[in-house]
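Just below is one structure, and these are the notes that go with it.
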Amino acid sequence: MNDDVSKLIEVCNNIYDRQLVSGKSGNVSIRLGDYIAITPTLKPINGLNEKEIVLVDMDGNSLTNGDPSSEVGMHLGIYKKRDDINAIIHTHSPYATGFSFNYEKLKILEDYSKFYNINLSSVDYENPGSKELALKASEKIIENDALILKKHGILCAGKNLKETESLIIFIEESAKTKFISIMLNSVKDIE
């Protein structure tokens, strides 16, 4: 288990360093058999140590000290819907989250469908940490590995942390490329 928690902490530091999360936003979890390890609530996810990671059973009961992320219900709902999911990352990355506030649809620019089940379905806005958001996300994840949480952020799920981290980075890079393309195409010739 310590190795799994160490990998979770490493991913947390990576996505923070890539500016996919800031402050106390975002959360990461992994399935460990009959329970999950998840980042704590109200703490920045960079620089966490093993003692700060919270273990939670599949009914949401904390097995260790500390409070799990406020999004623990969404993570548990997804794990219960899909046995093939062993890692979840939720970020508020600037470009992809920007598209969650916009009517412009974010599409994946390259064909990653060979590797991932990504249609980038949107989940209508519900309050962060709410049962309603958890229910909507867990329903949409049945047919996708990545979701846009409207006016909130991005959620990716995968069979392991490395795959899930790769997917969330790819989505942010796709959003950045699309944003730059939109901006360049909107600039008038100034000569």
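Chain labels run A, B, ... following the order of the structure tokens; each chain numbers its residues from 1, and ligands are numbered from 1 in the order shown.
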Requested in this report: Do a neighbour search on stretch 44-56 of chain A at 7 Å with only C-alpha atoms, toss out local chain neighbours closer than 4 positions, and write the hits as a list in words.
Outcome: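 Contacts, in chain order: Val5, Ser6, Ile9, Cys12, Asn13, Tyr16, Gly23, Lys24, Ser25, Tyr35, Ile36, Ala37, Ile38, Thr39, Pro40, Gly60, Asn61, Ser62, Leu63, Thr64, Asn65, Gly66, Asp67 and Pro68 of chain A.
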Query raised in the report: Near A:Ile154, counting only C-alpha atoms, which residues have an atom at most 12 Å away, once you skip same-chain residues fewer than 5 positions from it, shown as a PyMOL selection string?
Result: chain A and resi 20-21+25-28+88-101+106+120-123+137+145-149+164-165+167-172+175
Generate the output file for the selected residues, N, CA and C atoms, as a compact mmCIF listing (two decimals), in the first residue's frame.
# COMPACT_ATOMS: atom_id res chain seq x y z
N LEU A 20 -2.04 22.20 -13.22
CA LEU A 20 -3.38 21.68 -13.49
C LEU A 20 -4.28 21.85 -12.28
N VAL A 21 -3.69 22.13 -11.14
CA VAL A 21 -4.41 22.48 -9.91
C VAL A 21 -3.64 23.62 -9.25
N SER A 25 -7.34 23.28 -4.62
CA SER A 25 -8.27 22.67 -5.57
C SER A 25 -7.78 21.31 -6.05
N GLY A 26 -8.71 20.54 -6.60
CA GLY A 26 -8.39 19.25 -7.19
C GLY A 26 -8.30 18.14 -6.17
N ASN A 27 -8.41 16.90 -6.68
CA ASN A 27 -8.31 15.73 -5.83
C ASN A 27 -7.93 14.52 -6.65
N VAL A 28 -7.30 13.57 -5.98
CA VAL A 28 -6.79 12.36 -6.63
C VAL A 28 -7.11 11.18 -5.73
N ILE A 88 -8.60 8.02 -10.19
CA ILE A 88 -9.40 9.17 -10.61
C ILE A 88 -8.61 10.43 -10.28
N ILE A 89 -8.58 11.35 -11.24
CA ILE A 89 -7.96 12.66 -11.03
C ILE A 89 -8.99 13.72 -11.44
N HIS A 90 -9.19 14.68 -10.55
CA HIS A 90 -10.09 15.81 -10.82
C HIS A 90 -9.29 17.09 -10.68
N THR A 91 -9.23 17.88 -11.75
CA THR A 91 -8.46 19.12 -11.73
C THR A 91 -9.34 20.30 -12.08
N HIS A 92 -8.79 21.48 -11.85
CA HIS A 92 -9.39 22.73 -12.27
C HIS A 92 -8.39 23.41 -13.20
N SER A 93 -7.86 22.64 -14.13
CA SER A 93 -6.83 23.14 -15.04
C SER A 93 -7.37 24.32 -15.84
N PRO A 94 -6.55 25.36 -16.06
CA PRO A 94 -7.08 26.62 -16.59
C PRO A 94 -7.73 26.55 -17.97
N TYR A 95 -7.11 25.90 -18.92
CA TYR A 95 -7.68 25.91 -20.27
C TYR A 95 -8.91 25.01 -20.37
N ALA A 96 -8.80 23.78 -19.91
CA ALA A 96 -9.94 22.86 -20.00
C ALA A 96 -11.10 23.36 -19.14
N THR A 97 -10.81 23.88 -17.96
CA THR A 97 -11.88 24.41 -17.12
C THR A 97 -12.49 25.65 -17.77
N GLY A 98 -11.67 26.44 -18.45
CA GLY A 98 -12.22 27.58 -19.20
C GLY A 98 -13.30 27.14 -20.18
N PHE A 99 -13.07 26.04 -20.86
CA PHE A 99 -14.08 25.52 -21.79
C PHE A 99 -15.32 25.03 -21.04
N SER A 100 -15.18 24.65 -19.78
CA SER A 100 -16.35 24.21 -19.01
C SER A 100 -17.29 25.37 -18.70
N PHE A 101 -16.79 26.60 -18.80
CA PHE A 101 -17.60 27.80 -18.58
C PHE A 101 -18.12 28.37 -19.89
N LEU A 106 -15.26 21.61 -26.30
CA LEU A 106 -13.88 21.12 -26.31
C LEU A 106 -13.88 19.73 -26.93
N LEU A 120 -15.53 13.19 -24.02
CA LEU A 120 -15.60 14.43 -23.26
C LEU A 120 -17.04 14.88 -23.05
N SER A 121 -17.83 14.01 -22.50
CA SER A 121 -19.20 14.37 -22.16
C SER A 121 -19.20 15.42 -21.07
N SER A 122 -20.21 16.28 -21.11
CA SER A 122 -20.38 17.30 -20.09
C SER A 122 -21.35 16.83 -19.03
N VAL A 123 -21.04 17.19 -17.81
CA VAL A 123 -21.93 16.96 -16.69
C VAL A 123 -22.47 18.33 -16.29
N ALA A 137 -22.04 12.54 -12.30
CA ALA A 137 -20.73 12.13 -12.80
C ALA A 137 -20.63 10.61 -12.89
N ASP A 145 -14.12 8.01 -20.20
CA ASP A 145 -13.03 8.02 -19.23
C ASP A 145 -12.71 9.44 -18.79
N ALA A 146 -13.35 10.43 -19.43
CA ALA A 146 -13.09 11.83 -19.11
C ALA A 146 -14.39 12.61 -19.17
N LEU A 147 -14.55 13.52 -18.22
CA LEU A 147 -15.76 14.33 -18.14
C LEU A 147 -15.40 15.80 -17.96
N ILE A 148 -16.21 16.66 -18.57
CA ILE A 148 -16.15 18.09 -18.29
C ILE A 148 -17.26 18.37 -17.29
N LEU A 149 -16.88 18.82 -16.11
CA LEU A 149 -17.86 19.20 -15.09
C LEU A 149 -18.15 20.68 -15.32
N THR A 164 -4.18 7.65 -16.09
CA THR A 164 -5.11 8.72 -15.77
C THR A 164 -4.41 10.08 -15.80
N GLU A 165 -3.20 10.13 -15.28
CA GLU A 165 -2.42 11.37 -15.34
C GLU A 165 -2.13 11.76 -16.78
N LEU A 167 -3.89 11.08 -19.39
CA LEU A 167 -5.13 11.55 -20.01
C LEU A 167 -5.47 12.96 -19.58
N ILE A 168 -5.34 13.27 -18.31
CA ILE A 168 -5.71 14.62 -17.85
C ILE A 168 -4.75 15.67 -18.42
N ILE A 169 -3.48 15.31 -18.57
CA ILE A 169 -2.51 16.21 -19.20
C ILE A 169 -2.86 16.41 -20.67
N PHE A 170 -3.20 15.33 -21.35
CA PHE A 170 -3.56 15.42 -22.77
C PHE A 170 -4.77 16.31 -22.98
N ILE A 171 -5.76 16.21 -22.12
CA ILE A 171 -6.97 17.03 -22.26
C ILE A 171 -6.63 18.50 -22.07
N GLU A 172 -5.80 18.82 -21.07
CA GLU A 172 -5.41 20.22 -20.88
C GLU A 172 -4.60 20.73 -22.07
N ALA A 175 -7.00 21.44 -24.85
CA ALA A 175 -7.74 22.68 -24.58
C ALA A 175 -6.87 23.90 -24.86
Report task. Please report, as a PyMOL selection string, each residue of stretch 64-164 of chain A to which DSSP assigns helix (DSSP H, G or I) when run on this structure's backbone. Result -> chain A and resi 72-81+94-100+131-143+161-164
Report task. Within chain A, find each residue whose DSSP state, derived from the backbone, is strand (DSSP E), and express the selection as a ChimeraX atom specification. Result -> /A:27-32,35-38,54-57,87-91,121-123,146-149,153-158
Could you save the residues just selected, with C-alpha atoms, as an mmCIF file, in the first residue's frame?
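The file below, part.cif, is the result:
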data_model
loop_
_atom_site.group_PDB
_atom_site.id
_atom_site.type_symbol
_atom_site.label_atom_id
_atom_site.label_comp_id
_atom_site.auth_asym_id
_atom_site.auth_seq_id
_atom_site.Cartn_x
_atom_site.Cartn_y
_atom_site.Cartn_z
ATOM 1 C CA ASN A 27 -8.311 15.732 -5.826
ATOM 2 C CA VAL A 28 -6.788 12.357 -6.633
ATOM 3 C CA SER A 29 -7.732 8.850 -5.550
ATOM 4 C CA ILE A 30 -6.789 5.229 -6.146
ATOM 5 C CA ARG A 31 -8.671 2.021 -5.512
ATOM 6 C CA LEU A 32 -6.958 -0.339 -3.086
ATOM 7 C CA TYR A 35 -11.220 0.877 -0.015
ATOM 8 C CA ILE A 36 -9.712 3.931 -1.652
ATOM 9 C CA ALA A 37 -6.864 6.296 -0.837
ATOM 10 C CA ILE A 38 -7.845 9.915 -1.513
ATOM 11 C CA VAL A 54 -7.107 9.440 3.783
ATOM 12 C CA LEU A 55 -8.253 5.827 3.462
ATOM 13 C CA VAL A 56 -11.999 5.428 2.954
ATOM 14 C CA ASP A 57 -14.131 2.302 2.626
ATOM 15 C CA ALA A 87 -7.565 5.837 -10.391
ATOM 16 C CA ILE A 88 -9.401 9.170 -10.606
ATOM 17 C CA ILE A 89 -7.963 12.663 -11.035
ATOM 18 C CA HIS A 90 -10.094 15.806 -10.821
ATOM 19 C CA THR A 91 -8.461 19.121 -11.728
ATOM 20 C CA SER A 121 -19.201 14.367 -22.164
ATOM 21 C CA SER A 122 -20.376 17.301 -20.090
ATOM 22 C CA VAL A 123 -21.934 16.963 -16.686
ATOM 23 C CA ALA A 146 -13.089 11.833 -19.110
ATOM 24 C CA LEU A 147 -15.762 14.333 -18.142
ATOM 25 C CA ILE A 148 -16.147 18.085 -18.288
ATOM 26 C CA LEU A 149 -17.856 19.202 -15.095
ATOM 27 C CA GLY A 153 -13.370 21.377 -13.890
ATOM 28 C CA ILE A 154 -12.250 18.137 -15.501
ATOM 29 C CA LEU A 155 -12.386 14.559 -14.246
ATOM 30 C CA CYS A 156 -10.472 11.621 -15.687
ATOM 31 C CA ALA A 157 -10.580 7.970 -14.692
ATOM 32 C CA GLY A 158 -8.360 5.100 -15.727
#
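Note that the spacing between atom CA of A:Asp34 and atom CA of A:Lys159 amounts to 15.7 Å.
Of the listed residues (A:Ser22, A:Asp59, A:Met74, A:Lys107), A:Met74 comes nearest to A:Glu132; the distances count only C-alpha atoms.
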Requested in this report: Find the residue from A:Lys136, A:Lys105, A:Lys162, A:Lys150 that sits nearest to A:Gly73; use only C-alpha atoms when measuring.
Outcome: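 Selected residue with least distance to A:Gly73: A:Lys136.
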Query raised in the report: Quick one, how far is atom CA of A:Thr41 from atom CA of A:Asn144?
Result: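 Computing the Euclidean distance for atom CA of A:Thr41 and atom CA of A:Asn144 yields 25.9 Å.
As for atom CA of A:Asn14 and atom CA of A:Ser70, they are spaced 21.2 Å apart.
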